[in-house]
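run.tsv follows (TSV, C-alpha atoms):
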chain	number	residue	atom	x	y	z
A	228	MET	CA	-15.78	35.11	-7.29
A	229	ASN	CA	-13.69	32.89	-9.48
A	230	GLU	CA	-10.65	34.38	-11.06
A	231	ALA	CA	-9.60	33.11	-14.44
A	232	VAL	CA	-6.20	31.43	-14.37
A	233	GLY	CA	-4.21	31.99	-17.51
A	234	PRO	CA	-1.65	29.67	-19.07
A	235	ASP	CA	1.21	31.77	-17.67
A	236	ALA	CA	-0.07	31.34	-14.14
A	237	LEU	CA	-0.51	27.59	-14.69
A	238	ASN	CA	3.03	27.33	-16.04
A	239	ALA	CA	4.32	29.24	-13.05
A	240	LEU	CA	2.50	26.87	-10.68
A	241	ALA	CA	3.85	23.83	-12.51
A	242	GLY	CA	7.35	25.32	-12.38
A	243	GLU	CA	7.02	25.95	-8.66
A	244	ALA	CA	5.93	22.35	-8.07
A	245	ARG	CA	8.90	21.07	-10.09
A	246	ASP	CA	11.32	23.25	-8.09
A	247	ARG	CA	9.83	21.96	-4.86
A	248	GLN	CA	10.21	18.37	-6.05
A	249	ALA	CA	13.82	18.96	-7.07
A	250	GLN	CA	14.61	20.56	-3.70
A	251	PHE	CA	12.96	17.66	-1.90
A	252	VAL	CA	14.98	15.10	-3.86
A	253	ASN	CA	18.28	16.99	-3.42
A	254	GLU	CA	17.81	17.39	0.33
A	255	ASN	CA	16.91	13.77	1.00
A	256	LEU	CA	18.50	11.63	-1.68
A	257	ARG	CA	21.79	10.74	-0.01
A	258	ARG	CA	20.20	10.17	3.39
A	259	ILE	CA	17.54	7.86	2.00
A	260	PHE	CA	19.99	6.00	-0.23
A	261	LEU	CA	22.32	5.34	2.73
A	262	GLN	CA	19.45	4.25	4.95
A	263	ILE	CA	18.28	1.75	2.36
A	264	TYR	CA	21.82	0.65	1.50
A	265	ARG	CA	22.49	-0.21	5.14
A	266	MET	CA	19.34	-2.25	5.29
A	267	VAL	CA	19.66	-4.18	2.05
A	268	GLY	CA	23.45	-4.35	1.92
A	269	ASN	CA	24.21	-3.65	-1.74
A	270	VAL	CA	24.35	-0.64	-4.02
A	271	ALA	CA	22.29	-1.94	-6.94
A	272	ASP	CA	19.25	-2.84	-4.83
A	273	ALA	CA	19.62	0.33	-2.79
A	274	GLN	CA	19.58	2.37	-6.01
A	275	ASP	CA	16.41	0.67	-7.29
A	276	LEU	CA	14.63	0.99	-3.97
A	277	THR	CA	15.63	4.65	-3.55
A	278	GLN	CA	14.12	5.42	-6.93
A	279	GLU	CA	10.97	3.53	-5.99
A	280	VAL	CA	10.67	5.41	-2.69
A	281	PHE	CA	10.99	8.86	-4.29
A	282	ILE	CA	8.57	8.03	-7.09
A	283	LYS	CA	6.00	6.83	-4.54
A	284	ALA	CA	6.50	9.99	-2.48
A	285	LEU	CA	6.46	12.49	-5.34
A	286	GLN	CA	3.28	11.04	-6.78
A	287	ARG	CA	1.56	12.38	-3.67
A	288	GLN	CA	2.16	16.08	-4.05
A	289	GLU	CA	-0.08	17.06	-1.14
A	290	GLN	CA	2.43	15.49	1.27
A	291	LEU	CA	5.17	17.88	0.16
A	292	ARG	CA	3.65	21.08	1.57
A	293	ASP	CA	5.65	20.78	4.76
A	294	LEU	CA	9.10	19.62	3.69
A	295	GLU	CA	10.23	18.75	7.21
A	296	LYS	CA	7.24	16.50	7.81
A	297	ALA	CA	7.65	15.09	4.33
A	298	ALA	CA	11.24	14.08	5.17
A	299	HIS	CA	10.01	12.00	8.13
A	300	TRP	CA	7.28	10.51	6.01
A	301	LEU	CA	9.86	9.66	3.34
A	302	SER	CA	12.02	7.83	5.90
A	303	ARG	CA	9.04	5.71	6.87
A	304	ILE	CA	8.35	4.85	3.25
A	305	ALA	CA	12.03	3.94	2.86
A	306	THR	CA	11.98	1.70	5.93
A	307	ASN	CA	8.82	-0.09	4.83
A	308	THR	CA	10.03	-0.46	1.26
A	309	ALA	CA	13.31	-1.98	2.44
A	310	ILE	CA	11.52	-4.34	4.85
A	311	ASP	CA	9.17	-5.43	2.02
A	312	PHE	CA	12.16	-6.00	-0.22
A	313	LEU	CA	13.94	-8.12	2.38
A	314	ARG	CA	10.77	-10.12	2.93
A	315	ARG	CA	10.25	-10.67	-0.80
A	316	HIS	CA	13.83	-11.73	-1.35
A	317	GLY	CA	14.09	-13.93	1.73
A	318	ARG	CA	16.82	-11.64	3.09
A	319	VAL	CA	19.24	-13.03	0.51
A	320	SER	CA	21.51	-10.56	-1.20
A	321	PHE	CA	24.82	-11.93	-2.33
A	322	VAL	CA	27.52	-9.45	-3.10
A	323	GLU	CA	30.02	-10.67	-5.64
A	324	ILE	CA	32.76	-8.77	-7.37
A	325	GLY	CA	31.25	-9.45	-10.76
A	326	GLU	CA	27.93	-8.02	-9.62
A	327	LEU	CA	29.28	-4.69	-8.42
A	328	PRO	CA	27.36	-2.11	-10.43
A	329	GLU	CA	29.24	-0.35	-13.19
A	330	PRO	CA	28.45	3.31	-12.51
A	331	VAL	CA	29.53	3.34	-8.88
A	332	SER	CA	32.99	1.83	-9.05
A	333	THR	CA	36.05	3.78	-10.04
A	334	PRO	CA	38.57	1.22	-11.23
A	335	ILE	CA	41.59	3.51	-10.77
A	336	SER	CA	41.17	3.99	-7.01
A	337	ALA	CA	40.03	0.47	-6.15
A	338	SER	CA	42.53	-2.29	-6.59
A	339	PRO	CA	41.31	-5.84	-7.19
A	340	GLU	CA	42.58	-6.77	-3.72
A	341	GLN	CA	40.56	-4.02	-2.12
A	342	ALA	CA	37.52	-5.06	-4.08
A	343	VAL	CA	37.93	-8.65	-2.90
A	344	LEU	CA	38.34	-7.56	0.72
A	345	ARG	CA	35.35	-5.29	0.54
A	346	ALA	CA	33.20	-7.96	-1.08
A	347	GLU	CA	34.27	-10.51	1.51
A	348	ARG	CA	33.53	-8.13	4.35
A	349	ALA	CA	30.14	-7.23	2.92
A	350	ALA	CA	29.26	-10.90	2.41
A	351	TYR	CA	30.41	-11.66	5.96
A	352	LEU	CA	28.16	-8.99	7.46
A	353	GLU	CA	25.31	-9.87	5.16
A	354	GLU	CA	25.44	-13.47	6.30
A	355	GLY	CA	25.18	-12.28	9.90
A	356	LEU	CA	22.24	-10.02	9.12
A	357	ARG	CA	20.51	-12.88	7.38
A	358	THR	CA	20.18	-14.63	10.72
A	359	LEU	CA	17.73	-11.89	11.77
A	360	THR	CA	14.11	-11.41	10.79
A	361	GLU	CA	13.34	-8.44	8.52
A	362	ARG	CA	12.00	-6.39	11.41
A	363	GLU	CA	14.90	-7.25	13.72
A	364	ARG	CA	17.29	-6.26	10.98
A	365	ALA	CA	15.48	-2.98	10.33
A	366	ALA	CA	15.37	-2.15	14.04
A	367	LEU	CA	19.07	-2.95	14.49
A	368	ILE	CA	20.16	-0.86	11.51
A	369	LEU	CA	17.99	2.11	12.44
A	370	ARG	CA	19.15	2.04	16.07
A	371	ASP	CA	22.81	1.00	15.91
A	372	VAL	CA	23.87	2.24	12.50
A	373	GLU	CA	21.55	5.17	11.81
A	374	ASP	CA	21.74	6.02	15.52
A	375	LEU	CA	18.06	6.91	15.81
A	376	PRO	CA	16.43	6.90	19.26
A	377	ALA	CA	14.19	3.90	19.98
A	378	GLU	CA	11.08	6.14	19.88
A	379	GLU	CA	11.87	7.21	16.33
A	380	VAL	CA	12.60	3.62	15.29
A	381	ALA	CA	9.20	2.63	16.68
A	382	ARG	CA	7.53	5.45	14.73
A	383	ARG	CA	9.23	4.46	11.50
A	384	MET	CA	8.41	0.82	11.95
A	385	ASN	CA	4.87	1.59	13.00
A	386	CYS	CA	5.03	-0.38	16.25
A	387	THR	CA	5.38	0.21	19.98
A	388	LYS	CA	8.62	1.10	21.74
A	389	ALA	CA	8.43	-2.15	23.71
A	390	THR	CA	8.27	-4.15	20.46
A	391	VAL	CA	11.21	-2.23	19.07
A	392	ARG	CA	13.24	-2.89	22.22
A	393	SER	CA	12.49	-6.57	21.91
A	394	HIS	CA	13.57	-6.54	18.22
A	395	ILE	CA	16.76	-4.65	19.08
A	396	ALA	CA	17.70	-6.98	21.93
A	397	ASN	CA	17.07	-10.11	19.85
A	398	ALA	CA	18.98	-8.68	16.91
A	399	ARG	CA	22.00	-7.73	19.04
A	400	MET	CA	22.11	-11.17	20.65
A	401	LYS	CA	21.81	-13.03	17.33
A	402	PHE	CA	24.34	-10.83	15.54
A	403	ARG	CA	26.88	-11.12	18.34
A	404	LYS	CA	26.41	-14.87	18.44
A	405	TYR	CA	27.06	-14.99	14.70
A	406	LEU	CA	30.29	-12.99	15.04
A	407	GLU	CA	31.52	-15.24	17.84
A	408	ARG	CA	30.69	-18.39	15.91
A	409	ARG	CA	32.62	-17.11	12.91
A	410	LYS	CA	35.66	-16.28	15.02
A	411	THR	CA	35.97	-19.80	16.40
B	66	MET	CA	24.88	-12.77	42.94
B	67	ARG	CA	22.03	-12.66	40.45
B	68	HIS	CA	23.09	-11.42	37.03
B	69	PRO	CA	20.87	-9.50	34.61
B	70	ASP	CA	19.72	-11.61	31.65
B	71	LYS	CA	21.32	-11.31	28.20
B	72	GLU	CA	18.44	-9.27	26.81
B	73	THR	CA	18.93	-6.67	29.52
B	74	LEU	CA	22.66	-6.52	28.86
B	75	ALA	CA	22.06	-6.23	25.09
B	76	LEU	CA	19.75	-3.28	25.71
B	77	ALA	CA	22.12	-1.75	28.27
B	78	SER	CA	24.93	-1.75	25.69
B	79	GLY	CA	23.05	0.80	23.59
B	80	GLY	CA	21.43	2.74	26.44
B	81	ASP	CA	17.98	1.36	25.61
B	82	LEU	CA	16.73	0.48	29.08
B	83	GLY	CA	14.10	2.41	31.00
B	84	TRP	CA	15.43	4.47	33.93
B	85	TRP	CA	14.66	1.93	36.66
B	86	ARG	CA	16.19	-1.07	34.84
B	87	ARG	CA	19.09	1.09	33.76
B	88	TRP	CA	19.81	2.16	37.33
B	89	ARG	CA	19.67	-1.42	38.61
B	90	THR	CA	21.84	-2.72	35.76
B	91	GLN	CA	24.44	0.00	36.20
B	92	ARG	CA	24.65	-0.78	39.89
B	93	HIS	CA	25.25	-4.41	39.04
B	94	LEU	CA	27.83	-3.62	36.36
B	95	ALA	CA	29.84	-1.56	38.82
B	96	PHE	CA	30.62	-4.75	40.73
B	97	CYS	CA	30.41	-7.49	38.09
B	98	GLU	CA	33.21	-7.76	35.57
B	99	ASP	CA	31.64	-10.67	33.68
B	100	CYS	CA	28.58	-8.60	32.86
B	101	ARG	CA	30.73	-5.60	32.00
B	102	LEU	CA	32.57	-7.76	29.47
B	103	GLU	CA	29.25	-8.96	28.07
B	104	VAL	CA	28.12	-5.38	27.53
B	105	GLU	CA	31.45	-4.55	25.94
B	106	ALA	CA	31.09	-7.49	23.54
B	107	PHE	CA	27.69	-6.17	22.44
B	108	ARG	CA	29.21	-2.74	21.83
B	109	LYS	CA	32.00	-4.23	19.73
B	110	ALA	CA	29.51	-6.16	17.63
B	111	ALA	CA	27.58	-2.94	17.00
B	112	ALA	CA	30.82	-1.21	15.98
B	113	VAL	CA	31.60	-4.00	13.50
B	114	LEU	CA	28.14	-3.56	12.00
B	115	ARG	CA	28.51	0.22	11.79
B	116	GLU	CA	31.87	0.04	10.06
B	117	GLY	CA	30.73	-2.57	7.61
B	118	SER	CA	27.54	-0.71	6.78
B	119	GLU	CA	29.25	2.24	5.20
B	120	PRO	CA	28.99	2.28	1.42
B	121	PRO	CA	32.10	1.45	-0.61
B	122	GLN	CA	34.71	4.21	-0.46
B	123	ASP	CA	35.02	4.32	-4.22
B	124	LEU	CA	31.31	4.92	-4.64
B	125	ASP	CA	30.93	7.64	-7.27
B	126	TRP	CA	28.07	9.38	-5.52
B	127	ASP	CA	27.62	12.25	-7.99
B	128	ARG	CA	27.23	9.89	-10.87
B	129	LEU	CA	24.92	7.58	-8.95
B	130	ALA	CA	22.79	10.52	-7.75
B	131	MET	CA	22.46	11.79	-11.31
B	132	GLU	CA	21.33	8.36	-12.46
B	133	ILE	CA	18.82	8.01	-9.63
B	134	LYS	CA	17.37	11.49	-10.31
B	135	ALA	CA	17.00	10.72	-14.02
B	136	ASN	CA	15.22	7.47	-13.22
B	137	ILE	CA	12.92	9.23	-10.77
B	138	ARG	CA	11.95	11.76	-13.46
B	139	LEU	CA	11.36	8.91	-15.87
B	140	GLY	CA	9.23	7.02	-13.35
B	141	LEU	CA	7.13	10.09	-12.61
B	142	ALA	CA	6.59	10.76	-16.33
B	143	ALA	CA	5.56	7.14	-16.86
B	144	GLY	CA	3.17	7.42	-13.92
B	145	GLU	CA	1.55	10.51	-15.43
B	146	ILE	CA	0.94	8.68	-18.70
B	147	ALA	CA	-0.45	5.60	-16.99
B	148	GLY	CA	-2.69	7.70	-14.72
B	149	PRO	CA	-3.22	7.34	-11.01
B	150	ALA	CA	-3.11	3.81	-9.69
B	151	ARG	CA	-6.49	2.45	-8.74
B	152	GLU	CA	-6.94	1.45	-5.17
B	153	ALA	CA	-7.80	-2.18	-4.71
B	154	PRO	CA	-11.35	-2.60	-3.40
B	155	ARG	CA	-11.33	-2.95	0.34
B	156	ARG	CA	-12.36	-6.28	1.72
B	157	LEU	CA	-14.90	-6.38	4.48
B	158	GLY	CA	-13.66	-7.45	7.86
B	159	TRP	CA	-15.52	-10.34	9.47
B	160	ARG	CA	-17.20	-8.01	11.97
B	161	ALA	CA	-18.60	-5.76	9.23
B	162	ALA	CA	-19.71	-8.78	7.19
B	163	ALA	CA	-21.50	-10.30	10.21
B	164	ALA	CA	-23.22	-6.98	10.97
B	165	MET	CA	-24.37	-6.62	7.36
B	166	ALA	CA	-25.69	-10.19	7.32
B	167	GLY	CA	-27.68	-9.50	10.49
B	168	VAL	CA	-29.21	-6.31	9.10
B	169	SER	CA	-30.08	-8.08	5.82
B	170	MET	CA	-31.85	-10.88	7.71
B	171	VAL	CA	-33.95	-8.39	9.69
B	172	VAL	CA	-34.94	-6.51	6.52
B	173	VAL	CA	-35.84	-9.69	4.60
B	174	SER	CA	-37.85	-11.08	7.54
B	175	GLY	CA	-39.70	-7.78	7.81
B	176	LEU	CA	-40.60	-7.84	4.14
B	177	LEU	CA	-41.85	-11.42	4.34
B	178	VAL	CA	-44.08	-10.63	7.33
B	179	VAL	CA	-45.50	-7.39	5.98
B	180	ALA	CA	-45.76	-8.10	2.25
B	181	PRO	CA	-48.70	-10.62	2.17
B	182	PHE	CA	-51.03	-8.19	3.98
B	183	ALA	CA	-50.10	-5.09	2.10
B	184	PRO	CA	-52.58	-4.12	-0.59
B	185	ARG	CA	-51.13	-4.27	-4.03
B	186	SER	CA	-50.97	-0.93	-5.60
B	187	ARG	CA	-52.28	-0.57	-9.08
B	188	ALA	CA	-51.03	1.78	-11.62
B	189	PRO	CA	-53.35	4.76	-11.67
B	190	VAL	CA	-55.71	4.87	-14.59
B	191	GLU	CA	-54.73	7.76	-16.64
B	192	ALA	CA	-57.52	10.23	-17.07
B	193	GLY	CA	-58.87	10.48	-20.60
B	194	VAL	CA	-57.85	7.01	-21.84
B	195	THR	CA	-60.55	5.38	-23.92
B	196	ALA	CA	-60.95	1.94	-25.51
B	197	GLU	CA	-62.75	1.67	-28.81
B	198	ALA	CA	-63.58	-1.15	-31.23
B	199	THR	CA	-62.76	-0.13	-34.77
B	200	PRO	CA	-62.63	-2.06	-38.09
B	201	ALA	CA	-58.87	-2.40	-37.52
B	202	GLY	CA	-59.21	-3.87	-34.00
B	203	ILE	CA	-59.29	-2.49	-30.48
B	204	GLU	CA	-57.81	0.93	-30.02
B	205	LEU	CA	-56.64	2.53	-26.79
B	206	LYS	CA	-56.34	6.28	-27.04
B	207	GLY	CA	-54.87	8.74	-24.61
B	208	SER	CA	-52.09	11.28	-24.02
B	209	GLY	CA	-52.04	12.12	-27.69
B	210	GLY	CA	-51.23	8.57	-28.79
B	211	LYS	CA	-52.96	5.28	-29.45
B	212	LEU	CA	-52.34	1.56	-29.13
B	213	THR	CA	-54.15	-0.82	-31.46
B	214	VAL	CA	-54.64	-4.53	-30.91
B	215	VAL	CA	-54.96	-5.38	-34.57
B	216	GLY	CA	-57.74	-7.69	-35.67
B	217	ARG	CA	-57.61	-10.01	-38.60
B	218	ALA	CA	-58.86	-8.34	-41.73
B	219	GLY	CA	-61.63	-10.17	-43.51
B	220	ASP	CA	-62.73	-12.30	-40.56
B	221	THR	CA	-65.64	-11.55	-38.36
B	222	VAL	CA	-64.39	-10.13	-35.08
B	223	THR	CA	-66.60	-10.19	-32.02
B	224	VAL	CA	-65.82	-7.39	-29.61
B	225	SER	CA	-67.17	-7.28	-26.09
B	226	ALA	CA	-66.71	-4.77	-23.29
B	227	ARG	CA	-66.97	-5.68	-19.59
B	228	SER	CA	-67.91	-3.50	-16.69
B	229	SER	CA	-64.64	-4.39	-14.96
B	230	GLY	CA	-62.92	-2.26	-17.56
B	231	SER	CA	-61.70	-4.77	-20.13
B	232	VAL	CA	-62.38	-5.16	-23.83
B	233	ALA	CA	-62.09	-8.54	-25.57
B	234	ALA	CA	-61.89	-9.33	-29.26
B	235	ARG	CA	-62.45	-12.85	-30.63
B	236	TYR	CA	-62.21	-14.19	-34.05
B	237	VAL	CA	-61.88	-17.53	-35.88
B	238	ASP	CA	-59.32	-17.94	-38.65
B	239	SER	CA	-61.35	-19.10	-41.64
B	240	ASP	CA	-58.40	-21.03	-43.15
B	241	THR	CA	-57.03	-22.86	-40.10
B	242	GLY	CA	-59.96	-22.72	-37.69
B	243	GLN	CA	-57.69	-21.24	-35.01
B	244	VAL	CA	-59.46	-19.13	-32.43
B	245	THR	CA	-57.73	-15.92	-31.27
B	246	ILE	CA	-58.90	-14.04	-28.24
B	247	ALA	CA	-57.37	-10.71	-27.33
B	248	ASN	CA	-58.20	-9.14	-23.97
B	249	VAL	CA	-57.26	-5.58	-23.20
B	250	TYR	CA	-57.47	-4.59	-19.56
B	251	MET	CA	-57.52	-0.99	-18.54
B	252	GLU	CA	-55.70	-0.23	-15.36

Entire entry expressed as C-alpha cells:
Amino acid sequence: MNEAVGPDALNALAGEARDRQAQFVNENLRRIFLQIYRMVGNVADAQDLTQEVFIKALQRQEQLRDLEKAAHWLSRIATNTAIDFLRRHGRVSFVEIGELPEPVSTPISASPEQAVLRAERAAYLEEGLRTLTERERAALILRDVEDLPAEEVARRMNCTKATVRSHIANARMKFRKYLERRKT
Amino acid sequence: MRHPDKETLALASGGDLGWWRRWRTQRHLAFCEDCRLEVEAFRKAAAVLREGSEPPQDLDWDRLAMEIKANIRLGLAAGEIAGPAREAPRRLGWRAAAAMAGVSMVVVSGLLVVAPFAPRSRAPVEAGVTAEATPAGIELKGSGGKLTVVGRAGDTVTVSARSSGSVAARYVDSDTGQVTIANVYME
C-alpha cells in the first residue's frame, strides 16, 4: 500500500540529505584539498579541483549512503581529477609571488622574504615533478607524501600493484636524479 | 659482488619490495655500504618532497574552506538548474561491430533466398464492401463509409465490371478529346 508523503515529510527528507552532504564535505574537505594540492603544487588549482571533485561526488547522492565507502570513492575521484588536470596542462604549473591567491595569504605573518623563499622552493620542487609522467607523479605523491600503502595507491589509480611499483620506482629514480643535477 | 639494480634500491628505500626480494636486498645491504648510501639518498629525496609538499604555513584554511564550500553549493545549485548531464552515446567496440555486421549479413541473405518464393499476401477483402456505378461515378461502400471515383459530369461514362473484381470507368472529354480511364480494383 502506498502511503501519501506530505510536504513536511519531503522537507524533512531534503533537510536530512543536506545535513548528510554538509557532514560529508566537512569530514573530507581538508584531506581532499591537501591530496590535490600535493599533486598539482599550487593553492589556486587545488581549490578549483577540490570544488570540482565535491560537486561531481555530491551530484551522485546514492554514493553517499555509506560515508566510509564514499570517502574512498572521493579519494579516487580526486586522484583521477588531478591526473586529468596534469595531463591537460602538460604538468606545467608555475608558482609566482604575484600569482599567490588573495584569500589564502596573510600578509602580516608572511614577510616578502619568506614568500620569495617559499615560491622558489615550490618552483624548485615543481620543476622536479615535471620530469615525471602524470601517473608517476600521482603514484609518488600518494606513496611517499600521503604515505598510502602500494595496494591503496593501485586501487586509487585503478591499476595493478606491479604497475604502481614500477611507477614508484621510476618516479623515485627520476626525482632523485633531478635533485642531484640541481645540486651540482 | 653483484649489486641490486637501482629500481630495486628505489623500492627498498620505501619498503615496497615483496618479501623474497626484500630479504635478499636486506642481506646485501648488510654488507654493501655503497648500496646502503644509495638507499639513503632515495630516502632523503623523499623527505625533500614531503617537506616541500606541505601547503604554505600562512594558508588561511578557514577562509579558504568557507570559499570552497560556498562554491560547491553554487555548483550544485547550477547543476540542479541545468539538469542531469546526458551521457555521451557509447561507441561500439570493433568486436561488437563485427558481430553485428555478421548477423546482419546472415539476416539479409536469408531474406533474399526466401523472399522470391514466398507468396505475397494480399490485404483481406473486407466483408460487405460493394462497388457500384452511379451517375456521379464509381462508388465503393463499406464499413459505414464510401469512396467515390468521380466521373465527369455531362460526358458519357462507360462503366464495366470484371469478374476479377475490378470496375473500370471510361470517358472522353468532349472539349479536349482526352480519354480518361479509371480502374478500381477490389482487394

Check your understanding: Residues of chain B within 12 Å of chain A, using all atoms listed in the file, as a VMD selection string?
Key -> chain B and resid 70 to 83 103 to 145 148 to 150

Point to revise | Point-to-point distance from atom CA of A:Leu369 to atom CA of A:Ile263, Å rounded to tenths | key: 10.1 Å

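Protein and nucleic acid residues near (12.9, -1.5, 6.5) are Gln262, Ile263, Met266, Val267, Arg303, Ile304, Ala305, Thr306, Asn307, Thr308, Ala309, Ile310, Asp311, Phe312, Leu313, Glu361, Arg362, Arg364, Ala365, Ala366, Ile368, Leu369, Arg383 and Met384 of chain A, the criterion being any atom at most 9 Å away using only C-alpha atoms.
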
Study note, to complete from the structure: Between atom CA of B:Ala234 and atom CA of B:Glu197 lies a distance of 11.0 Å

Review point. If you count all atoms listed in the file, which residues fall within 12 Å of A:Arg292, apart from same-chain ones fewer than 4 positions away, as a list in words?
Key: Glu243, Ala244, Arg247, Gln248, Phe251, Leu285, Arg287, Gln288, Lys296, Ala297 and Ala298 of chain A

**Study point:** Between atom CA of A:Cys386 and atom CA of B:Ala163 - distance in Å to one decimal
**Key:** 29.0 Å

Exercise for review: Would you mind telling me which residue in B:Val222, B:Ala164, B:Met170, B:Ala198 lies nearest to B:Asp238 when using all atoms listed in the file?
Suggested key: B:Val222

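Ranking A:Leu291, A:Glu254, A:Asn385, A:Thr358 by their shortest atom-to-atom distance to A:Lys401, with all atoms listed in the file included, puts A:Thr358 first.
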
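Nearest residue to B:Cys100 among B:Arg160, B:Lys211, B:Lys206, B:Arg67 is B:Arg67, counting only C-alpha atoms.
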